[in-house]
>>> print(open('run_13.cif').read())   # mmCIF, C-alpha atoms
data_target
loop_
_atom_site.label_atom_id
_atom_site.label_comp_id
_atom_site.auth_asym_id
_atom_site.auth_seq_id
_atom_site.Cartn_x
_atom_site.Cartn_y
_atom_site.Cartn_z
CA MET A 296 122.65 133.66 74.22
CA PRO A 297 121.44 133.56 77.87
CA VAL A 298 118.02 134.82 76.74
CA ARG A 299 117.78 132.09 74.09
CA LEU A 300 118.82 129.47 76.65
CA ALA A 301 116.18 130.69 79.08
CA LEU A 302 113.51 130.64 76.36
CA ASN A 303 114.52 127.10 75.43
CA ARG A 304 114.20 126.04 79.07
CA VAL A 305 110.75 127.58 79.34
CA ALA A 306 109.66 125.95 76.07
CA GLY A 307 111.02 122.60 77.24
CA PHE A 308 109.13 122.88 80.53
CA GLY A 309 105.93 123.69 78.66
CA ARG A 310 106.44 120.68 76.42
CA PHE A 311 106.96 118.50 79.49
CA VAL A 312 103.73 119.79 81.06
CA ASN A 313 101.82 118.95 77.87
CA PHE A 314 103.47 115.53 77.84
CA ALA A 315 102.48 114.89 81.47
CA LEU A 316 98.89 116.03 80.90
CA ALA A 317 98.61 113.79 77.84
CA ALA A 318 99.87 110.83 79.89
CA VAL A 319 97.30 111.51 82.62
CA MET A 320 94.53 111.86 80.05
CA TRP A 321 95.43 108.58 78.34
CA ALA A 322 95.76 106.79 81.69
CA ILE A 323 92.18 107.76 82.52
CA ARG A 324 90.87 106.99 79.05
CA ASP A 325 92.60 103.59 78.86
CA ALA A 326 91.50 102.42 82.32
CA PRO A 327 88.59 100.30 80.98
CA ASN A 328 90.71 98.89 78.13
CA ARG A 329 91.96 95.42 79.11
CA ARG A 330 94.38 95.29 76.19
CA ARG A 331 96.27 98.24 77.64
CA TRP A 332 96.48 96.48 81.00
CA SER A 333 98.31 93.63 79.31
CA LEU A 334 101.10 96.10 78.54
CA LEU A 335 101.38 97.04 82.22
CA TRP A 336 102.32 93.72 83.84
CA PRO A 337 105.68 93.21 82.06
CA GLN A 338 106.64 96.73 83.12
CA VAL A 339 105.59 96.00 86.71
CA PHE A 340 107.86 92.96 86.73
CA ASP A 341 110.81 94.91 85.33
CA VAL A 342 110.33 97.85 87.68
CA GLY A 343 109.69 95.98 90.91
CA THR A 344 110.74 92.35 90.99
CA ARG A 345 114.16 92.82 89.43
CA SER A 346 114.93 95.77 91.69
CA LEU A 347 114.15 94.10 95.02
CA PRO A 348 117.55 92.37 95.54
CA VAL A 349 119.43 95.64 95.10
CA ILE A 350 116.92 97.48 97.32
CA ALA A 351 117.39 94.83 100.02
CA LEU A 352 121.17 95.04 99.90
CA ILE A 353 121.38 98.82 100.02
CA GLY A 354 118.52 99.24 102.50
CA GLY A 355 120.09 96.81 104.94
CA PHE A 356 123.46 98.54 104.83
CA ILE A 357 121.87 101.98 105.21
CA GLY A 358 120.20 100.83 108.41
CA MET A 359 123.46 99.35 109.68
CA VAL A 360 125.41 102.50 108.85
CA LEU A 361 122.90 104.64 110.74
CA ALA A 362 123.23 102.40 113.78
CA VAL A 363 127.03 102.42 113.64
CA GLU A 364 127.21 106.21 113.30
CA LEU A 365 124.60 107.05 115.94
CA TYR A 366 125.40 104.45 118.61
CA PRO A 367 128.44 106.24 120.16
CA GLN A 368 126.47 109.47 120.64
CA PHE A 369 123.47 107.70 122.16
CA ALA A 370 125.66 105.49 124.34
CA ALA A 371 127.48 108.57 125.69
CA LEU A 372 124.10 109.86 126.91
CA GLY A 373 122.95 106.48 128.18
CA GLN A 374 120.11 106.41 125.64
CA GLU A 375 121.28 103.63 123.33
CA SER A 376 117.99 101.74 123.80
CA ARG A 377 116.21 104.59 122.00
CA LEU A 378 118.29 104.07 118.89
CA GLY A 379 115.68 101.77 117.38
CA GLY A 380 113.12 104.55 117.25
CA VAL A 381 115.49 107.05 115.66
CA VAL A 382 116.72 104.58 113.03
CA GLY A 383 113.16 103.48 112.29
CA VAL A 384 111.78 106.98 111.83
CA SER A 385 114.77 108.06 109.72
CA VAL A 386 114.42 105.06 107.44
CA ILE A 387 110.63 105.11 107.12
CA THR A 388 110.03 108.84 106.59
CA ASN A 389 113.10 109.81 104.56
CA ILE A 390 115.79 107.31 103.70
CA GLY A 391 113.53 104.46 102.57
CA PRO A 392 111.45 106.48 100.07
CA VAL A 393 114.46 108.42 98.76
CA LEU A 394 116.57 105.28 98.45
CA ALA A 395 113.85 103.43 96.55
CA ALA A 396 113.32 106.45 94.28
CA VAL A 397 117.02 106.85 93.49
CA MET A 398 117.30 103.16 92.69
CA LEU A 399 114.23 103.41 90.49
CA ALA A 400 115.65 106.45 88.67
CA GLY A 401 119.05 104.84 88.16
CA ARG A 402 118.10 101.31 87.24
CA VAL A 403 114.65 101.61 85.68
CA GLY A 404 114.47 105.25 84.62
CA GLY A 405 117.66 104.96 82.61
CA ALA A 406 116.29 101.89 80.86
CA PHE A 407 113.07 103.73 80.02
CA SER A 408 114.99 106.64 78.51
CA ALA A 409 117.28 104.36 76.51
CA GLU A 410 114.40 102.24 75.18
CA LEU A 411 112.20 105.16 74.16
CA GLY A 412 115.20 107.11 72.88
CA THR A 413 116.21 104.23 70.64
CA MET A 414 112.66 103.91 69.38
CA SER A 415 112.60 107.63 68.63
CA VAL A 416 115.91 107.56 66.77
CA THR A 417 114.90 104.52 64.72
CA GLU A 418 111.50 106.13 63.95
CA GLN A 419 109.49 103.39 65.66
CA ILE A 420 107.47 106.04 67.49
CA ASP A 421 106.57 107.63 64.17
CA ALA A 422 105.56 104.19 62.91
CA LEU A 423 103.09 103.86 65.79
CA ARG A 424 101.51 107.16 64.81
CA VAL A 425 101.20 105.95 61.22
CA MET A 426 99.32 102.90 62.51
CA ALA A 427 96.93 105.23 64.41
CA ILE A 428 98.35 104.17 67.80
CA ASP A 429 99.10 106.97 70.19
CA PRO A 430 102.68 106.41 71.43
CA ILE A 431 102.01 108.05 74.80
CA SER A 432 99.15 105.64 75.46
CA TYR A 433 101.08 102.62 74.19
CA LEU A 434 104.57 103.33 75.52
CA VAL A 435 104.47 105.94 78.29
CA VAL A 436 101.36 105.21 80.34
CA PRO A 437 102.28 101.56 81.19
CA ARG A 438 105.75 102.63 82.33
CA VAL A 439 104.51 105.51 84.47
CA LEU A 440 101.81 103.34 86.06
CA ALA A 441 104.37 100.62 86.77
CA CYS A 442 106.52 103.16 88.63
CA LEU A 443 103.48 104.41 90.53
CA ILE A 444 102.38 100.90 91.53
CA MET A 445 105.72 99.39 92.44
CA ILE A 446 107.61 102.17 94.20
CA PRO A 447 105.47 101.92 97.38
CA VAL A 448 106.19 98.18 97.45
CA MET A 449 109.90 98.87 97.01
CA THR A 450 109.73 101.52 99.74
CA ILE A 451 108.08 99.15 102.23
CA PHE A 452 110.66 96.49 101.43
CA SER A 453 113.49 99.01 101.87
CA ASP A 454 111.99 100.17 105.21
CA ILE A 455 111.74 96.64 106.59
CA VAL A 456 115.26 95.67 105.60
CA GLY A 457 116.67 99.01 106.84
CA VAL A 458 115.05 98.62 110.27
CA LEU A 459 116.32 95.02 110.49
CA GLY A 460 119.80 96.24 109.56
CA GLY A 461 119.69 98.76 112.40
CA TRP A 462 118.49 96.03 114.77
CA LEU A 463 121.32 93.73 113.69
CA ILE A 464 123.98 96.27 114.63
CA THR A 465 122.30 97.72 117.71
CA VAL A 466 121.09 94.52 119.37
CA VAL A 467 123.27 91.73 118.01
CA THR A 468 126.55 93.61 117.70
CA TYR A 469 126.36 96.21 120.50
CA GLY A 470 124.21 94.19 122.88
CA VAL A 471 121.37 96.62 123.42
CA ASN A 472 118.29 95.06 125.00
CA ASN A 473 116.11 93.58 122.27
CA ARG A 474 112.79 94.35 124.01
CA ALA A 475 113.76 97.97 124.62
CA TYR A 476 114.84 98.40 120.98
CA TRP A 477 111.46 97.30 119.62
CA ASP A 478 109.46 99.10 122.35
CA PHE A 479 111.05 102.42 121.49
CA SER A 480 110.65 101.70 117.78
CA GLU A 481 106.94 101.16 118.34
CA SER A 482 106.58 104.33 120.44
CA PHE A 483 108.48 106.53 117.96
CA ILE A 484 106.93 105.25 114.73
CA GLY A 485 103.27 105.98 114.06
CA TRP A 486 100.83 105.50 111.22
CA PHE A 487 101.40 109.10 110.19
CA ASP A 488 105.11 108.40 109.64
CA LEU A 489 104.28 105.38 107.47
CA ALA A 490 101.77 107.43 105.48
CA VAL A 491 104.34 110.19 104.93
CA GLY A 492 106.92 107.74 103.59
CA LEU A 493 104.48 106.03 101.24
CA GLY A 494 103.00 109.36 100.13
CA LYS A 495 106.44 110.63 99.22
CA SER A 496 107.14 107.47 97.25
CA LEU A 497 104.02 107.98 95.10
CA PHE A 498 105.12 111.48 94.11
CA PHE A 499 108.64 110.22 93.42
CA GLY A 500 107.34 107.39 91.24
CA ILE A 501 105.18 109.68 89.12
CA ALA A 502 108.00 112.19 88.70
CA ILE A 503 110.55 109.54 87.72
CA GLY A 504 108.24 107.83 85.24
CA LEU A 505 107.24 111.06 83.50
CA ILE A 506 110.72 112.60 83.44
CA CYS A 507 112.51 109.50 82.15
CA CYS A 508 109.90 108.76 79.49
CA TYR A 509 109.90 112.41 78.40
CA LYS A 510 113.70 112.48 78.05
CA GLY A 511 113.64 109.37 75.90
CA PHE A 512 110.65 110.53 73.88
CA TYR A 513 112.35 113.79 72.88
CA CYS A 514 116.00 112.73 72.79
CA GLY A 515 118.50 114.02 70.25
CA ARG A 516 119.55 112.23 67.12
CA GLY A 517 121.87 109.25 66.99
CA ALA A 518 123.59 107.22 69.67
CA ARG A 519 124.94 110.36 71.33
CA GLY A 520 121.43 111.73 71.71
CA VAL A 521 120.24 108.53 73.36
CA GLY A 522 123.18 108.52 75.75
CA ARG A 523 122.68 112.15 76.67
CA ALA A 524 118.95 111.57 77.22
CA THR A 525 119.70 108.66 79.56
CA THR A 526 122.13 110.75 81.59
CA ASP A 527 119.78 113.74 81.69
CA ALA A 528 116.93 111.49 82.79
CA PHE A 529 118.80 110.28 85.88
CA VAL A 530 120.20 113.69 86.81
CA THR A 531 116.85 115.45 86.40
CA SER A 532 115.03 112.69 88.29
CA PHE A 533 117.54 112.87 91.15
CA VAL A 534 117.17 116.65 91.42
CA ALA A 535 113.38 116.30 91.32
CA ILE A 536 113.51 113.69 94.11
CA ILE A 537 115.56 115.95 96.38
CA ILE A 538 113.37 119.01 95.74
CA LEU A 539 110.14 117.06 96.16
CA ASN A 540 111.45 115.47 99.35
CA PHE A 541 112.05 118.90 100.89
CA PHE A 542 108.64 120.34 100.05
CA LEU A 543 106.79 117.14 100.95
CA ALA A 544 108.62 116.98 104.29
CA LYS A 545 107.60 120.57 105.06
CA LEU A 546 104.02 119.83 104.01
CA ALA A 547 103.93 116.70 106.18
CA GLN A 548 105.29 118.62 109.15
CA HIS A 549 102.61 121.32 108.85
CA LEU A 550 99.92 118.69 108.36
CA TYR A 551 101.09 116.82 111.45
CA HIS A 552 100.93 119.98 113.55
CA MET A 553 97.44 120.71 112.23
CA LEU A 554 96.22 117.22 113.12
CA TYR A 555 98.05 116.52 116.38
CA GLY A 556 99.38 119.87 117.58
CA TYR A 557 102.94 120.50 118.71
CA GLY A 558 102.97 118.00 121.57
CA GLY A 559 102.42 114.76 119.63
CA GLY A 560 104.47 111.66 120.23
CA SER A 561 105.99 111.34 116.75
CA VAL A 562 109.50 112.60 116.31
CA MET A 563 108.19 114.66 113.41
CA GLY A 564 106.63 116.97 115.98
#
>>> encode(input="run_13.cif", output="structure tokens")
Amino acid sequence: MPVRLALNRVAGFGRFVNFALAAVMWAIRDAPNRRRWSLLWPQVFDVGTRSLPVIALIGGFIGMVLAVELYPQFAALGQESRLGGVVGVSVITNIGPVLAAVMLAGRVGGAFSAELGTMSVTEQIDALRVMAIDPISYLVVPRVLACLIMIPVMTIFSDIVGVLGGWLITVVTYGVNNRAYWDFSESFIGWFDLAVGLGKSLFFGIAIGLICCYKGFYCGRGARGVGRATTDAFVTSFVAIIILNFFLAKLAQHLYHMLYGYGGGSVMG
């Protein structure tokens, strides 16, 4: 039984790799096709525009929570004016990208899995094949590209609102000097930190789009299969986000040391 389970896992991973490669191939092949681009814009609207209010709400409160939790420790050392830099770097390099990715996986990824799972159960995907339309090109590629395009926008929006939330608590509530807050934010946060956060978000977006579409594409039969695929899509996407975040953070740290040495001004050093 454990051997069969392991073999099924390996076979499933191989099927996912083939699925991902097919999506990449069709994305390249369909790039000049304007009709395929018309399928992308509705997905972009669903992925990005409808998610921004939730991203703003959660991002703002994350920044405020960081400020509330860290202020007593910084105030005890007389370094409360430096709190802006710490909150900013934390939000931009880690919390902002991860928060946007988790929201994307929960709100949009689940919808992708449910939609494609329902189409699979009701044999609509088979109907596309009968009409000589590749379902990966027609259904999967626009959704994956929408995740890839919009998650950096969502990440930037989450970063801005998170930093403003930290400012609201630190400056307005606790009375820290406004000029010092922004000066330390500017000195702590560099272009490399922004690039790291946006680079992470791109990897997260691709992973979420492929995983959630794959789970819906190959879901089990009936309503129970669709429900299980939706749950698996979120759980697998969340695990992938955490694992990718670790390895990308380590990669970014090594890259920073290669470019700037160990004495750079970014807190990543």
>>> closest_residue(input="run_13.cif", among="A:Val436, A:Met398, A:Met553, A:Ile350", to="A:Met320", atoms="all atoms listed in the file")
A:Val436
>>> closest_residue(input="run_13.cif", among="A:Val521, A:Ala490, A:Val403, A:Leu459", to="A:Leu352", atoms="all atoms listed in the file")
A:Leu459
>>> resolve_selection(input="run_13.cif", expression="the PyMOL selection byres ((chain A and resi 414) around 12)", output="PyMOL selection string")
chain A and resi 407-413+415-423+430+434+508+511-518+520-521
>>> atom_distance(input="run_13.cif", atom1="atom CA of A:Val312", atom2="atom CA of A:Val435")
14.1 Å
>>> resolve_selection(input="run_13.cif", expression="the PyMOL selection byres ((chain A and resi 306-310) around 12)", output="JSON, numbers by chain")
{"A": [299, 300, 301, 302, 303, 304, 305, 311, 312, 313, 314, 315, 316, 317, 505, 506, 509, 510, 512, 513, 514]}
>>> closest_residue(input="run_13.cif", among="A:Cys507, A:Ile537, A:Val471, A:Ala544", to="A:Ala370", atoms="all atoms listed in the file")
A:Val471
>>> residues_around(input="run_13.cif", residues="A:Thr465", least_positions_apart="2", cutoff="12 Å", atoms="all atoms listed in the file", output="PyMOL selection string")
chain A and resi 358-367+369-370+374-382+458-463+467-477
>>> closest_residue(input="run_13.cif", among="A:Leu440, A:Val491, A:Ala528, A:Leu399", to="A:Leu347", atoms="all atoms listed in the file")
A:Leu399
>>> atom_distance(input="run_13.cif", atom1="atom CA of A:Gly500", atom2="atom CA of A:Val448")
11.2 Å
>>> closest_residue(input="run_13.cif", among="A:Ser333, A:Gly492, A:Leu497, A:Gly383", to="A:Asp478", atoms="only C-alpha atoms")
A:Gly383
>>> atom_distance(input="run_13.cif", atom1="atom CA of A:Gly457", atom2="atom CA of A:Ile390")
8.9 Å
>>> closest_residue(input="run_13.cif", among="A:Gly405, A:Gln368, A:Thr344, A:Ser432", to="A:Ile323", atoms="all atoms listed in the file")
A:Ser432
>>> resolve_selection(input="run_13.cif", expression="the PyMOL selection byres ((chain A and resi 486) around 12)", output="ChimeraX atom specification")
/A:384,387-388,481-485,487-494,551,560-561,563
>>> residues_around(input="run_13.cif", residues="A:Phe541", least_positions_apart="5", cutoff="12 Å", atoms="only C-alpha atoms", output="MDAnalysis selection string")
chainID A and resid 388:389 393 495 499 534:536 546:548
